[in-house]
$ cat data_10.pdb   # PDB, C-alpha atoms
ATOM      1  CA  MET A   1     171.273 114.527 109.706
ATOM      2  CA  SER A   2     169.901 111.061 108.917
ATOM      3  CA  GLU A   3     168.081 110.140 105.716
ATOM      4  CA  GLN A   4     164.994 109.418 107.836
ATOM      5  CA  THR A   5     165.095 112.935 109.324
ATOM      6  CA  ALA A   6     165.616 114.491 105.904
ATOM      7  CA  THR A   7     162.682 112.557 104.479
ATOM      8  CA  ASN A   8     160.410 113.513 107.359
ATOM      9  CA  ASN A   9     161.362 117.171 107.016
ATOM     10  CA  THR A  10     160.821 117.097 103.260
ATOM     11  CA  THR A  11     157.395 115.528 103.449
ATOM     12  CA  ALA A  12     156.016 117.270 106.537
ATOM     13  CA  ALA A  13     154.899 120.308 104.565
ATOM     14  CA  THR A  14     153.184 118.349 101.819
ATOM     15  CA  ILE A  15     151.744 115.239 103.452
ATOM     16  CA  THR A  16     148.788 116.261 105.572
ATOM     17  CA  THR A  17     146.699 113.114 105.526
ATOM     18  CA  THR A  18     147.364 109.411 105.131
ATOM     19  CA  THR A  19     145.242 106.607 103.840
ATOM     20  CA  ALA A  20     144.703 103.536 105.952
ATOM     21  CA  THR A  21     145.222 100.663 103.571
ATOM     22  CA  THR A  22     146.392  97.108 103.751
ATOM     23  CA  PRO A  23     150.013  97.013 102.549
ATOM     24  CA  ALA A  24     150.518  95.269  99.217
ATOM     25  CA  VAL A  25     152.442  92.020  99.227
ATOM     26  CA  VAL A  26     154.753  91.370  96.278
ATOM     27  CA  LYS A  27     155.668  87.693  96.122
ATOM     28  CA  ILE A  28     158.661  86.032  94.546
ATOM     29  CA  GLY A  29     157.556  83.896  91.610
ATOM     30  CA  ARG A  30     154.391  85.925  91.039
ATOM     31  CA  PRO A  31     153.630  88.602  88.412
ATOM     32  CA  ALA A  32     154.963  92.068  89.158
ATOM     33  CA  PRO A  33     152.332  94.800  89.563
ATOM     34  CA  SER A  34     151.799  96.767  86.366
ATOM     35  CA  PHE A  35     152.691 100.453  86.230
ATOM     36  CA  SER A  36     152.651 103.309  83.755
ATOM     37  CA  LEU A  37     154.422 106.454  84.930
ATOM     38  CA  LEU A  38     155.624 109.749  83.493
ATOM     39  CA  SER A  39     159.388 109.739  83.294
ATOM     40  CA  THR A  40     162.520 111.571  82.223
ATOM     41  CA  LYS A  41     162.829 109.374  79.138
ATOM     42  CA  ASN A  42     162.299 112.578  77.135
ATOM     43  CA  ILE A  43     163.948 115.153  79.385
ATOM     44  CA  GLU A  44     162.625 118.045  77.299
ATOM     45  CA  THR A  45     158.901 117.274  77.186
ATOM     46  CA  LEU A  46     158.599 115.010  80.257
ATOM     47  CA  GLU A  47     155.614 113.448  78.506
ATOM     48  CA  GLU A  48     156.999 109.981  77.801
ATOM     49  CA  LYS A  49     155.859 107.242  80.147
ATOM     50  CA  VAL A  50     157.552 104.032  81.187
ATOM     51  CA  SER A  51     155.513 100.942  81.915
ATOM     52  CA  LEU A  52     156.118  97.364  82.915
ATOM     53  CA  ALA A  53     154.884  96.295  79.477
ATOM     54  CA  ASP A  54     157.756  98.239  77.843
ATOM     55  CA  TYR A  55     160.211  95.725  79.287
ATOM     56  CA  ARG A  56     158.496  92.526  78.283
ATOM     57  CA  ASP A  57     161.106  90.056  76.982
ATOM     58  CA  LYS A  58     163.836  91.846  78.953
ATOM     59  CA  TRP A  59     165.009  91.706  82.539
ATOM     60  CA  LEU A  60     164.100  94.779  84.563
ATOM     61  CA  LEU A  61     165.728  96.251  87.643
ATOM     62  CA  LEU A  62     163.077  98.433  89.271
ATOM     63  CA  PHE A  63     164.120 100.387  92.319
ATOM     64  CA  PHE A  64     162.513 102.987  94.567
ATOM     65  CA  TRP A  65     164.093 105.729  96.656
ATOM     66  CA  PRO A  66     162.548 108.139  99.197
ATOM     67  CA  HIS A  67     163.111 111.633  97.758
ATOM     68  CA  ASP A  68     165.139 113.672  95.308
ATOM     69  CA  PHE A  69     167.706 116.176  96.616
ATOM     70  CA  THR A  70     168.547 114.127  99.701
ATOM     71  CA  TYR A  71     171.732 112.380 100.824
ATOM     72  CA  VAL A  72     171.980 108.623 100.273
ATOM     73  CA  CYS A  73     169.640 108.631  97.253
ATOM     74  CA  PRO A  74     171.974 110.371  94.771
ATOM     75  CA  THR A  75     174.781 107.940  95.594
ATOM     76  CA  GLU A  76     172.555 105.032  94.592
ATOM     77  CA  ILE A  77     171.133 106.642  91.465
ATOM     78  CA  THR A  78     174.524 107.672  90.117
ATOM     79  CA  ALA A  79     176.055 104.297  91.007
ATOM     80  CA  PHE A  80     173.361 102.434  89.069
ATOM     81  CA  SER A  81     173.727 104.929  86.230
ATOM     82  CA  ASP A  82     177.472 104.336  86.051
ATOM     83  CA  ALA A  83     176.797 100.577  85.920
ATOM     84  CA  ALA A  84     173.885 100.720  83.452
ATOM     85  CA  GLU A  85     175.889  99.250  80.573
ATOM     86  CA  ALA A  86     177.040  96.358  82.753
ATOM     87  CA  PHE A  87     173.381  95.510  83.406
ATOM     88  CA  ARG A  88     172.529  95.874  79.713
ATOM     89  CA  ASP A  89     175.251  93.342  78.930
ATOM     90  CA  PHE A  90     172.895  90.907  80.684
ATOM     91  CA  ASP A  91     169.788  92.146  78.857
ATOM     92  CA  CYS A  92     168.602  94.080  81.904
ATOM     93  CA  GLU A  93     167.200  97.608  81.841
ATOM     94  CA  ILE A  94     166.893  99.901  84.864
ATOM     95  CA  VAL A  95     164.028 102.130  85.970
ATOM     96  CA  GLY A  96     164.178 104.290  89.088
ATOM     97  CA  VAL A  97     161.058 105.524  90.873
ATOM     98  CA  SER A  98     160.206 107.956  93.643
ATOM     99  CA  THR A  99     157.042 109.795  94.642
ATOM    100  CA  ASP A 100     158.535 113.127  93.542
ATOM    101  CA  SER A 101     157.175 114.845  90.435
ATOM    102  CA  VAL A 102     158.775 114.422  87.038
ATOM    103  CA  TYR A 103     159.662 118.128  87.178
ATOM    104  CA  THR A 104     161.657 117.584  90.362
ATOM    105  CA  HIS A 105     163.433 114.675  88.675
ATOM    106  CA  ARG A 106     164.416 116.953  85.781
ATOM    107  CA  ALA A 107     165.661 119.672  88.120
ATOM    108  CA  TRP A 108     167.772 117.077  89.949
ATOM    109  CA  ILE A 109     169.235 115.781  86.676
ATOM    110  CA  ASN A 110     170.023 119.352  85.623
ATOM    111  CA  THR A 111     171.915 119.934  88.883
ATOM    112  CA  PRO A 112     175.595 118.902  88.796
ATOM    113  CA  ARG A 113     176.714 116.047  91.036
ATOM    114  CA  GLU A 114     179.017 118.345  92.982
ATOM    115  CA  ALA A 115     175.978 120.484  93.888
ATOM    116  CA  ASN A 116     173.952 117.528  95.264
ATOM    117  CA  GLY A 117     172.477 116.812  91.866
ATOM    118  CA  ILE A 118     172.826 113.664  89.804
ATOM    119  CA  GLY A 119     173.662 114.975  86.329
ATOM    120  CA  ARG A 120     172.869 112.821  83.299
ATOM    121  CA  VAL A 121     171.366 109.446  84.190
ATOM    122  CA  ASN A 122     171.597 106.420  81.887
ATOM    123  CA  TYR A 123     168.068 105.177  82.557
ATOM    124  CA  PRO A 124     164.675 106.831  83.096
ATOM    125  CA  LEU A 125     163.527 108.226  86.423
ATOM    126  CA  ALA A 126     159.789 107.734  86.854
ATOM    127  CA  ALA A 127     157.409 109.873  88.902
ATOM    128  CA  ASP A 128     154.992 107.962  91.118
ATOM    129  CA  PHE A 129     153.286 111.182  92.173
ATOM    130  CA  THR A 130     150.016 109.422  93.046
ATOM    131  CA  LYS A 131     151.968 106.864  95.097
ATOM    132  CA  GLU A 132     149.975 104.016  93.526
ATOM    133  CA  THR A 133     153.019 102.137  92.260
ATOM    134  CA  ALA A 134     154.977 102.327  95.515
ATOM    135  CA  ARG A 135     151.860 101.126  97.301
ATOM    136  CA  ALA A 136     151.363  98.288  94.807
ATOM    137  CA  TYR A 137     154.945  97.117  95.393
ATOM    138  CA  GLY A 138     154.512  97.322  99.156
ATOM    139  CA  VAL A 139     157.194  99.969  99.704
ATOM    140  CA  LEU A 140     155.127 103.090 100.429
ATOM    141  CA  ASP A 141     155.478 104.654 103.870
ATOM    142  CA  GLU A 142     151.878 105.712 104.399
ATOM    143  CA  THR A 143     152.922 108.133 107.160
ATOM    144  CA  THR A 144     155.414 110.185 105.146
ATOM    145  CA  GLY A 145     154.206 109.493 101.613
ATOM    146  CA  ALA A 146     157.733 108.487 100.566
ATOM    147  CA  ALA A 147     158.888 105.164  99.184
ATOM    148  CA  HIS A 148     161.202 102.902 101.133
ATOM    149  CA  ARG A 149     164.372 101.686  99.421
ATOM    150  CA  GLY A 150     162.774  98.794  97.590
ATOM    151  CA  LEU A 151     164.539  96.991  94.748
ATOM    152  CA  PHE A 152     163.029  94.345  92.475
ATOM    153  CA  ILE A 153     164.443  92.203  89.675
ATOM    154  CA  ILE A 154     161.699  91.203  87.237
ATOM    155  CA  ASP A 155     162.282  88.553  84.585
ATOM    156  CA  PRO A 156     161.341  88.778  80.875
ATOM    157  CA  GLU A 157     157.953  87.180  81.615
ATOM    158  CA  GLY A 158     157.096  89.874  84.152
ATOM    159  CA  ILE A 159     157.709  87.641  87.186
ATOM    160  CA  VAL A 160     159.358  88.975  90.353
ATOM    161  CA  ARG A 161     162.564  87.004  90.952
ATOM    162  CA  TYR A 162     164.286  89.112  93.623
ATOM    163  CA  GLN A 163     163.352  91.826  96.083
ATOM    164  CA  VAL A 164     165.082  93.666  98.879
ATOM    165  CA  VAL A 165     164.076  96.624 101.053
ATOM    166  CA  THR A 166     166.614  98.482 103.155
ATOM    167  CA  ASP A 167     166.496 101.059 105.925
ATOM    168  CA  LEU A 168     166.365 104.647 104.651
ATOM    169  CA  ASN A 169     169.882 105.306 105.943
ATOM    170  CA  VAL A 170     171.455 102.359 104.083
ATOM    171  CA  GLY A 171     172.223 102.474 100.372
ATOM    172  CA  ARG A 172     172.033  99.383  98.181
ATOM    173  CA  SER A 173     174.934  97.548  96.573
ATOM    174  CA  VAL A 174     175.233  97.745  92.796
ATOM    175  CA  ASP A 175     177.743  94.885  92.752
ATOM    176  CA  GLU A 176     175.476  92.597  94.763
ATOM    177  CA  THR A 177     172.482  93.448  92.576
ATOM    178  CA  LEU A 178     174.456  92.600  89.436
ATOM    179  CA  ARG A 179     175.677  89.372  91.044
ATOM    180  CA  VAL A 180     172.098  88.346  91.864
ATOM    181  CA  LEU A 181     170.988  89.125  88.298
ATOM    182  CA  GLN A 182     173.746  86.899  86.942
ATOM    183  CA  ALA A 183     172.862  84.160  89.431
ATOM    184  CA  LEU A 184     169.216  84.287  88.367
ATOM    185  CA  GLN A 185     170.294  83.890  84.755
ATOM    186  CA  ALA A 186     172.785  81.091  85.503
ATOM    187  CA  GLY A 187     170.125  78.413  85.298
ATOM    188  CA  GLY A 188     171.324  76.345  88.228
ATOM    189  CA  LEU A 189     171.443  76.179  92.006
ATOM    190  CA  CYS A 190     173.772  78.950  93.136
ATOM    191  CA  PRO A 191     175.371  78.477  96.569
ATOM    192  CA  ALA A 192     176.173  81.233  99.032
ATOM    193  CA  ASN A 193     178.630  83.802  97.673
ATOM    194  CA  TRP A 194     178.389  82.320  94.172
ATOM    195  CA  LYS A 195     180.073  84.467  91.534
ATOM    196  CA  PRO A 196     179.948  84.357  87.740
ATOM    197  CA  GLY A 197     182.286  81.716  86.369
ATOM    198  CA  GLN A 198     181.899  79.436  89.361
ATOM    199  CA  GLN A 199     180.045  76.131  89.122
ATOM    200  CA  THR A 200     176.469  75.836  90.265
ATOM    201  CA  LEU A 201     175.162  72.945  92.347
ATOM    202  CA  GLY A 202     173.171  71.502  89.489
TER     203      GLY A 202
END
$ encode --input "data_10.pdb" --output "structure tokens"
Amino acid sequence: MSEQTATNNTTAATITTTTATTPAVVKIGRPAPSFSLLSTKNIETLEEKVSLADYRDKWLLLFFWPHDFTYVCPTEITAFSDAAEAFRDFDCEIVGVSTDSVYTHRAWINTPREANGIGRVNYPLAADFTKETARAYGVLDETTGAAHRGLFIIDPEGIVRYQVVTDLNVGRSVDETLRVLQALQAGGLCPANWKPGQQTLG
């Protein structure tokens, strides 16, 4: 079963209408759309929100996935969780977002990895239940109500410096994301396949 099929099956029972809207356009070098979302930051109460303003003066890796309890999604979430300290070494925090509820996020965290859960995660999972944030970042599939696999690196001034959106069946690369973060912080012109420690072009 493909991720696309799983997403369609998951959303068919809950998404009965769609809204015809003009897709948002997030531009490199422009301010990132603001957000304020309930999250798993306090796993007990589920009342603590995360917002773009919380990460002012830090780098932020913001990524979206289609749905909890699917197939490719847990591999990405756990991979970024395992690498969270490596990102923090470069003053970068991580926030993950889907259109599932915060209660579904908690249930997924409380499910062991070997049972298709994700276990403890080293960054907050946010609930974009109204779909406003996914829409603002231009990654909402208006037909299914799920987010595409969008990933954004936002600098300490709140400016979008990197974005990528992949097919639902293709997971993102943690190593490449970390490499791009380091390249953005290098302060020079980074050629193709540049890696930390290599010279820039100026």
$ closest_residue --input "data_10.pdb" --among "A:Gly29, A:Phe69, A:Cys92, A:Arg106" --to "Glu44 of chain A" --atoms "only C-alpha atoms"
A:Arg106
$ resolve_selection --input "data_10.pdb" --expression "the PyMOL selection byres ((chain A and resi 156) around 8)" --output "ChimeraX atom specification"
/A:55-60,154-155,157-159
$ resolve_selection --input "data_10.pdb" --expression "the PyMOL selection byres ((chain A and resi 187-202) around 12)" --output "tab-separated table (two decimals) with C-alpha atoms, in the frame of the given file"
chain	number	residue	atom	x	y	z
A	90	PHE	CA	172.90	90.91	80.68
A	175	ASP	CA	177.74	94.88	92.75
A	176	GLU	CA	175.48	92.60	94.76
A	177	THR	CA	172.48	93.45	92.58
A	178	LEU	CA	174.46	92.60	89.44
A	179	ARG	CA	175.68	89.37	91.04
A	180	VAL	CA	172.10	88.35	91.86
A	181	LEU	CA	170.99	89.12	88.30
A	182	GLN	CA	173.75	86.90	86.94
A	183	ALA	CA	172.86	84.16	89.43
A	184	LEU	CA	169.22	84.29	88.37
A	185	GLN	CA	170.29	83.89	84.76
A	186	ALA	CA	172.78	81.09	85.50
$ closest_residue --input "data_10.pdb" --among "A:Arg172, A:Arg88, A:His105, A:Arg161" --to "Leu125 of chain A" --atoms "all atoms listed in the file"
A:His105
$ residues_around --input "data_10.pdb" --residues "segment 93-97 of chain A" --least-positions-apart "3" --cutoff "9 Å" --atoms "only C-alpha atoms" --output "JSON, numbers by chain"
{"A": [37, 39, 50, 55, 58, 59, 60, 61, 62, 63, 64, 65, 66, 77, 80, 81, 84, 85, 87, 88, 90, 100, 122, 123, 124, 125, 126, 127, 128, 133, 134, 147]}
$ resolve_selection --input "data_10.pdb" --expression "the PyMOL selection byres ((chain A and resi 108) around 8)" --output "list in words"
Asp68, Phe69, Thr104, His105, Arg106, Ala107, Ile109, Asn110, Thr111, Gly117, Ile118 and Gly119 of chain A
$ atom_distance --input "data_10.pdb" --atom1 "atom CA of Ala24 of chain A" --atom2 "atom CA of Gly138 of chain A"
4.5 Å
$ closest_residue --input "data_10.pdb" --among "A:Ser36, A:Tyr71, A:Val26, A:Glu47" --to "Ala115 of chain A" --atoms "only C-alpha atoms"
A:Tyr71
$ atom_distance --input "data_10.pdb" --atom1 "atom CA of Val160 of chain A" --atom2 "atom CA of Asp89 of chain A"
20.1 Å
$ closest_residue --input "data_10.pdb" --among "A:Gly171, A:Pro74, A:Pro31, A:Gly150" --to "Arg135 of chain A" --atoms "all atoms listed in the file"
A:Gly150
$ atom_distance --input "data_10.pdb" --atom1 "atom CA of Arg120 of chain A" --atom2 "atom CA of Ala79 of chain A"
11.9 Å
$ closest_residue --input "data_10.pdb" --among "A:Tyr137, A:Thr143, A:Lys131, A:Ser98" --to "Gln163 of chain A" --atoms "only C-alpha atoms"
A:Tyr137
$ closest_residue --input "data_10.pdb" --among "A:Ala146, A:Val170, A:Ala53, A:Val25" --to "Ser101 of chain A" --atoms "all atoms listed in the file"
A:Ala146
